[in-house]
file target.cif (mmCIF, C-alpha atoms)
data_protein
#
loop_
_atom_site.label_atom_id
_atom_site.label_comp_id
_atom_site.auth_asym_id
_atom_site.auth_seq_id
_atom_site.Cartn_x
_atom_site.Cartn_y
_atom_site.Cartn_z
CA MET A 134 11.94 -23.33 -7.93
CA SER A 135 12.28 -19.80 -9.22
CA ALA A 136 12.46 -18.19 -5.81
CA LEU A 137 15.60 -19.83 -4.45
CA PRO A 138 18.24 -18.26 -6.74
CA PRO A 139 17.94 -14.79 -5.14
CA ILE A 140 19.37 -15.98 -1.85
CA GLY A 141 21.98 -18.12 -3.55
CA PRO A 142 24.31 -15.40 -4.84
CA ASN A 143 24.70 -13.18 -1.80
CA PRO A 144 25.42 -15.25 1.29
CA LEU A 145 26.31 -18.72 0.04
CA ALA A 146 27.70 -19.86 -3.26
CA THR A 147 26.30 -23.38 -3.18
CA ASN A 148 23.64 -24.24 -5.68
CA PRO A 149 20.64 -24.97 -3.52
CA VAL A 150 18.14 -26.32 -6.04
CA THR A 151 19.84 -29.51 -7.14
CA THR A 152 17.82 -31.95 -5.07
CA THR A 153 14.80 -31.20 -2.98
CA GLY A 154 16.44 -32.63 0.13
CA SER A 155 19.65 -30.64 0.09
CA PRO A 156 18.52 -27.03 0.84
CA ASN A 157 17.15 -27.96 4.21
CA ILE A 158 20.47 -29.43 5.24
CA ALA A 159 22.62 -26.90 3.41
CA LEU A 160 21.00 -23.86 4.95
CA PRO A 161 21.86 -24.36 8.63
CA THR A 162 25.40 -25.59 8.01
CA ALA A 163 26.16 -22.77 5.62
CA ALA A 164 24.74 -20.31 8.07
CA GLU A 165 26.89 -21.63 10.88
CA LYS A 166 30.11 -21.59 8.87
CA PRO A 167 30.84 -17.82 8.96
CA GLU A 168 31.26 -17.99 12.75
CA ALA A 169 28.33 -15.67 13.27
CA GLY A 170 26.77 -18.38 15.38
CA ASP A 171 23.11 -17.42 15.40
CA ARG A 172 22.85 -16.30 11.79
CA ASN A 173 19.92 -17.91 10.03
CA LEU A 174 19.34 -17.30 6.36
CA PHE A 175 15.62 -17.92 6.57
CA MET A 176 15.19 -15.65 9.56
CA ASP A 177 17.20 -12.96 7.77
CA LEU A 178 14.92 -13.21 4.78
CA MET A 179 11.87 -12.99 7.00
CA ALA A 180 13.26 -9.97 8.83
CA ARG A 181 13.99 -8.25 5.55
CA ALA A 182 10.51 -8.97 4.20
CA ASN A 183 9.06 -7.60 7.41
CA GLU A 184 11.21 -4.47 7.16
CA ASP A 185 10.03 -3.88 3.60
CA GLN A 186 6.46 -4.39 4.70
CA ILE A 187 6.85 -1.80 7.48
CA ARG A 188 8.53 0.65 5.12
CA SER A 189 5.69 0.33 2.62
CA GLU A 190 3.14 0.87 5.36
CA GLU A 191 4.92 4.04 6.39
CA ALA A 192 5.00 5.20 2.78
CA ILE A 193 1.26 4.62 2.43
CA GLN A 194 0.65 6.45 5.67
CA GLY A 195 2.68 9.40 4.38
CA LEU A 196 0.83 9.49 1.09
CA VAL A 197 -2.61 9.36 2.66
CA SER A 198 -1.87 11.99 5.27
CA GLY A 199 -0.50 14.29 2.58
CA GLU A 200 3.08 14.55 3.90
CA ASN A 201 4.37 12.86 0.80
CA GLN A 202 3.14 13.73 -2.70
CA ASP A 203 5.44 11.31 -4.50
CA VAL A 204 3.07 8.56 -5.65
CA GLN A 205 5.73 6.82 -7.71
CA GLN A 206 8.01 6.34 -4.71
CA VAL A 207 5.16 4.94 -2.63
CA VAL A 208 4.19 2.52 -5.37
CA MET A 209 7.81 1.39 -5.65
CA GLU A 210 7.96 0.71 -1.92
CA VAL A 211 4.72 -1.25 -2.02
CA VAL A 212 5.76 -3.33 -5.01
CA LYS A 213 9.12 -4.07 -3.43
CA ALA A 214 7.46 -5.14 -0.21
CA GLU A 215 5.04 -7.33 -2.08
CA MET A 216 7.84 -8.96 -4.01
CA SER A 217 10.05 -9.64 -1.02
CA PHE A 218 7.07 -11.13 0.76
CA GLN A 219 6.43 -13.34 -2.24
CA ILE A 220 10.05 -14.48 -2.24
CA PHE A 221 9.83 -15.24 1.44
CA MET A 222 6.66 -17.29 0.95
CA GLU A 223 8.19 -19.17 -1.93
CA VAL A 224 11.35 -19.98 0.03
CA ARG A 225 9.28 -21.13 2.95
CA ASN A 226 7.25 -23.38 0.69
CA GLN A 227 10.42 -24.84 -0.75
CA ILE A 228 11.80 -25.51 2.71
CA VAL A 229 8.59 -27.17 3.84
CA ASP A 230 8.54 -29.23 0.67
CA SER A 231 12.10 -30.38 1.16
CA TYR A 232 11.38 -31.21 4.77
CA ASN A 233 8.47 -33.35 3.68
CA GLU A 234 10.63 -34.98 1.05
CA LEU A 235 13.19 -35.75 3.71
CA MET A 236 10.58 -37.27 5.97
CA ARG A 237 9.45 -39.56 3.16
CA MET A 238 12.97 -40.90 2.62
CA GLN A 239 13.56 -44.51 3.42
CA PHE A 240 16.90 -46.19 4.00
CA MET B 101 -0.46 2.04 13.97
CA SER B 102 -2.00 -1.22 15.14
CA GLY B 103 -4.34 -3.98 14.17
CA ILE B 104 -4.24 -6.01 10.98
CA PHE B 105 -6.94 -3.92 9.38
CA TYR B 106 -5.36 -0.56 10.18
CA GLN B 107 -3.85 -0.10 6.73
CA MET B 108 -6.98 -1.27 4.98
CA ASP B 109 -9.13 1.08 7.03
CA LEU B 110 -6.76 3.94 6.36
CA LEU B 111 -6.78 3.34 2.62
CA GLY B 112 -10.53 2.82 2.68
CA SER B 113 -10.95 6.19 4.37
CA ALA B 114 -8.65 7.78 1.79
CA VAL B 115 -10.65 6.27 -1.07
CA SER B 116 -13.94 7.46 0.35
CA ALA B 117 -12.50 10.92 1.10
CA SER B 118 -11.33 11.32 -2.48
CA GLU B 119 -14.73 10.17 -3.69
CA LYS B 120 -16.34 12.89 -1.57
CA SER B 121 -13.87 15.41 -2.95
CA HIS B 122 -14.89 14.32 -6.44
CA ARG B 123 -18.47 15.11 -5.56
CA VAL B 124 -17.60 18.61 -4.40
CA VAL B 125 -15.59 19.41 -7.51
CA SER B 126 -18.36 18.01 -9.72
CA GLN B 127 -20.80 20.28 -7.94
CA ASN B 128 -18.57 23.24 -8.75
CA ILE B 129 -18.52 22.28 -12.41
CA ALA B 130 -22.27 21.77 -12.47
CA ASN B 131 -22.75 25.27 -11.04
CA VAL B 132 -20.44 27.00 -13.46
CA ASN B 133 -23.35 29.12 -14.70
CA THR B 134 -25.22 29.61 -11.45
CA PRO B 135 -25.28 33.29 -10.45
CA GLY B 136 -23.77 33.98 -7.04
CA TYR B 137 -22.27 30.51 -6.66
CA LYS B 138 -18.91 30.35 -4.87
CA THR B 139 -16.32 27.67 -5.57
CA LYS B 140 -16.16 25.06 -2.82
CA ARG B 141 -13.35 22.79 -1.73
CA LEU B 142 -13.35 19.76 0.49
CA GLU B 143 -10.93 19.84 3.40
CA PHE B 144 -9.38 16.46 2.78
CA GLU B 145 -7.35 16.17 5.97
CA ARG B 146 -10.25 17.08 8.20
CA LEU B 147 -12.58 14.67 6.45
CA LEU B 148 -9.96 11.93 6.74
CA ALA B 149 -9.58 12.55 10.46
CA GLN B 150 -13.36 12.54 10.75
CA LEU B 151 -13.64 9.25 8.88
CA GLN B 152 -10.91 7.63 10.94
CA SER B 153 -12.28 8.75 14.27
CA SER B 154 -15.77 7.45 13.50
CA ASP B 155 -15.21 4.26 11.57
CA ALA B 156 -18.08 2.47 13.27
CA ASN B 157 -20.83 5.03 12.64
CA ASP B 158 -20.25 5.80 9.01
CA GLY B 159 -19.52 9.49 9.60
CA ALA B 160 -21.94 10.68 6.93
CA GLY B 161 -24.23 12.34 9.43
CA SER B 162 -21.85 15.08 10.48
CA GLY B 163 -21.66 16.56 6.98
CA LEU B 164 -18.68 17.27 4.78
CA PRO B 165 -16.07 19.77 5.90
CA VAL B 166 -16.41 22.11 2.94
CA LYS B 167 -15.11 25.65 2.70
CA ASP B 168 -15.29 28.39 0.09
CA LEU B 169 -12.14 28.78 -1.95
CA GLU B 170 -10.52 32.18 -1.54
CA GLY B 171 -8.68 34.32 -4.06
CA LEU B 172 -10.65 33.58 -7.20
CA GLU B 173 -11.70 36.21 -9.70
CA GLU B 174 -15.40 36.88 -9.45
CA ARG B 175 -17.56 37.39 -12.51
CA VAL B 176 -20.28 40.00 -12.84
CA ASP B 177 -23.01 37.61 -11.74
CA GLY B 178 -21.18 36.83 -8.49
CA ASN B 179 -20.00 33.41 -9.67
CA ASN B 180 -16.32 32.62 -9.25
CA VAL B 181 -15.99 29.13 -10.73
CA ASN B 182 -12.94 28.72 -12.92
CA LEU B 183 -13.81 25.80 -15.19
CA GLU B 184 -10.25 24.93 -16.24
CA LYS B 185 -9.10 24.93 -12.66
CA GLU B 186 -11.96 22.69 -11.61
CA VAL B 187 -11.36 20.22 -14.42
CA ALA B 188 -7.68 20.04 -13.47
CA GLU B 189 -8.69 19.46 -9.87
CA LEU B 190 -11.08 16.72 -10.99
CA LYS B 191 -8.33 14.97 -12.93
CA GLU B 192 -5.89 15.20 -10.05
CA ASN B 193 -8.47 13.82 -7.72
CA ALA B 194 -9.28 10.96 -10.06
CA LEU B 195 -5.60 10.10 -10.15
CA ALA B 196 -5.40 10.11 -6.37
CA PHE B 197 -8.46 7.88 -6.19
CA GLN B 198 -6.90 5.46 -8.62
CA ALA B 199 -3.65 5.35 -6.68
CA PHE B 200 -5.41 4.74 -3.39
CA SER B 201 -7.63 2.01 -4.78
CA HIS B 202 -4.68 0.24 -6.39
CA LEU B 203 -2.73 0.40 -3.15
CA LEU B 204 -5.73 -0.96 -1.31
CA ALA B 205 -6.08 -3.82 -3.79
CA SER B 206 -2.44 -4.75 -3.54
CA ARG B 207 -2.54 -4.66 0.25
CA VAL B 208 -5.59 -6.88 0.32
CA SER B 209 -4.02 -9.37 -2.06
CA THR B 210 -0.82 -9.48 0.03
CA MET B 211 -2.84 -10.18 3.13
CA ARG B 212 -4.82 -12.86 1.38
CA ARG B 213 -1.61 -14.54 0.31
CA ALA B 214 -0.27 -14.33 3.84
CA ILE B 215 -3.41 -15.93 5.19
CA SER B 216 -3.79 -18.75 2.69
CA GLY B 217 -0.07 -19.45 2.44
#
call {"tool": "encode", "arguments": {"input": "target.cif", "output": "structure tokens"}}
result
Amino acid sequence: MSALPPIGPNPLATNPVTTTGSPNIALPTAAEKPEAGDRNLFMDLMARANEDQIRSEEAIQGLVSGENQDVQQVVMEVVKAEMSFQIFMEVRNQIVDSYNELMRMQF
Amino acid sequence: MSGIFYQMDLLGSAVSASEKSHRVVSQNIANVNTPGYKTKRLEFERLLAQLQSSDANDGAGSGLPVKDLEGLEERVDGNNVNLEKEVAELKENALAFQAFSHLLASRVSTMRRAISG
């Protein structure tokens, strides 16, 4: 529940955590609205987490090989990467949960 | 820059290299009163390259790339260990070791989370 608010403010202003079923439906429609066509919020989040991961790996590489002496900066990169990965995982779990909830629905 | 264990291997090599460096500095401190002893330093980069190139065979056989440190004032007995300098080096090295091991731990935990979902 705590991981969804971060994506709420920037791209879409809807409140996604009202019911468990709504985010799954809200995400694609909201992504299609800005006429970008292939924009996918979840994919964006994944790409950003991946980017952070790569940046942290580069920072570690720099520290170990001695090009970079700034330990604090490296630690910041690693913590950021870890956190964005955690957010990504949490969002994914929420989406899977809501999908399951949707599948259990009966009319 | 490939393989899922690349980063872990790299950090593992760094941790073991700083441990070796700790050994060398400790040896300097232990020999602070040995006549004729010259201060030694580990060549970190070379050891790291050595560790990375021979990950399979543990790389201990080829010996540590150690060189004598130049430009130190020599005492009458031929010993040139500067205790303060060595202790500072030891501290710095301990800090590096700590940083590397923390980074390694966080990387491992991230990978674990990625695996188990």
call {"tool": "interface_residues", "arguments": {"input": "target.cif", "of": "chain B", "to": "chain A", "cutoff": "8 Å", "atoms": "all atoms listed in the file", "output": "list of chain:residue names"}}
result
B:Gln107, B:Leu110, B:Leu111, B:Ala114, B:Glu145, B:Ala199, B:Leu203, B:Thr210, B:Gly217
call {"tool": "closest_residue", "arguments": {"input": "target.cif", "among": "A:Gln227, A:Ser217, A:Asn233, A:Gln239", "to": "Ala182 in chain A", "atoms": "only C-alpha atoms"}}
result
A:Ser217
call {"tool": "atom_distance", "arguments": {"input": "target.cif", "atom1": "CA of Phe144 in chain B", "atom2": "CA of Asn182 in chain B"}}
result
20.2 Å
call {"tool": "resolve_selection", "arguments": {"input": "target.cif", "expression": "the PyMOL selection byres ((chain A and resi 178) around 10)", "output": "list in words"}}
result
Ile140, Asn173, Leu174, Phe175, Met176, Asp177, Met179, Ala180, Arg181, Ala182, Asn183, Glu184, Ser217, Phe218, Ile220, Phe221, Met222, Val224 and Arg225 of chain A
call {"tool": "residues_around", "arguments": {"input": "target.cif", "residues": "Thr134 in chain B", "least_positions_apart": "3", "cutoff": "10 Å", "atoms": "all atoms listed in the file", "output": "PyMOL selection string"}}
result
chain B and resi 128-131+137-138+177-181
call {"tool": "resolve_selection", "arguments": {"input": "target.cif", "expression": "the PyMOL selection byres ((chain B and resi 124) around 10)", "output": "ChimeraX atom specification"}}
result
/B:118-123,125-130,139-142,164,166,190
call {"tool": "axis_aligned_box", "arguments": {"input": "target.cif", "around": "range 174-181 of chain A", "padding_each_side": "6 Å", "output": "lines of an AutoDock Vina configuration file"}}
result
center_x = 15.6
center_y = -13.1
center_z = 7.2
size_x = 19.5
size_y = 21.7
size_z = 16.8
call {"tool": "atom_distance", "arguments": {"input": "target.cif", "atom1": "CA of Lys213 in chain A", "atom2": "CA of Asp185 in chain A"}}
result
7.1 Å
call {"tool": "atom_distance", "arguments": {"input": "target.cif", "atom1": "CA of Leu195 in chain B", "atom2": "CA of Val115 in chain B"}}
result
11.1 Å
call {"tool": "residues_around", "arguments": {"input": "target.cif", "residues": "Val208 in chain B", "least_positions_apart": "3", "cutoff": "12 Å", "atoms": "only C-alpha atoms", "output": "PyMOL selection string"}}
result
(chain A and resi 211+215) or (chain B and resi 104-109+111-112+201-205+211-215)
call {"tool": "closest_residue", "arguments": {"input": "target.cif", "among": "B:Ala117, B:Glu170, B:Lys185, B:Pro165", "to": "Gln152 in chain B", "atoms": "all atoms listed in the file"}}
result
B:Ala117
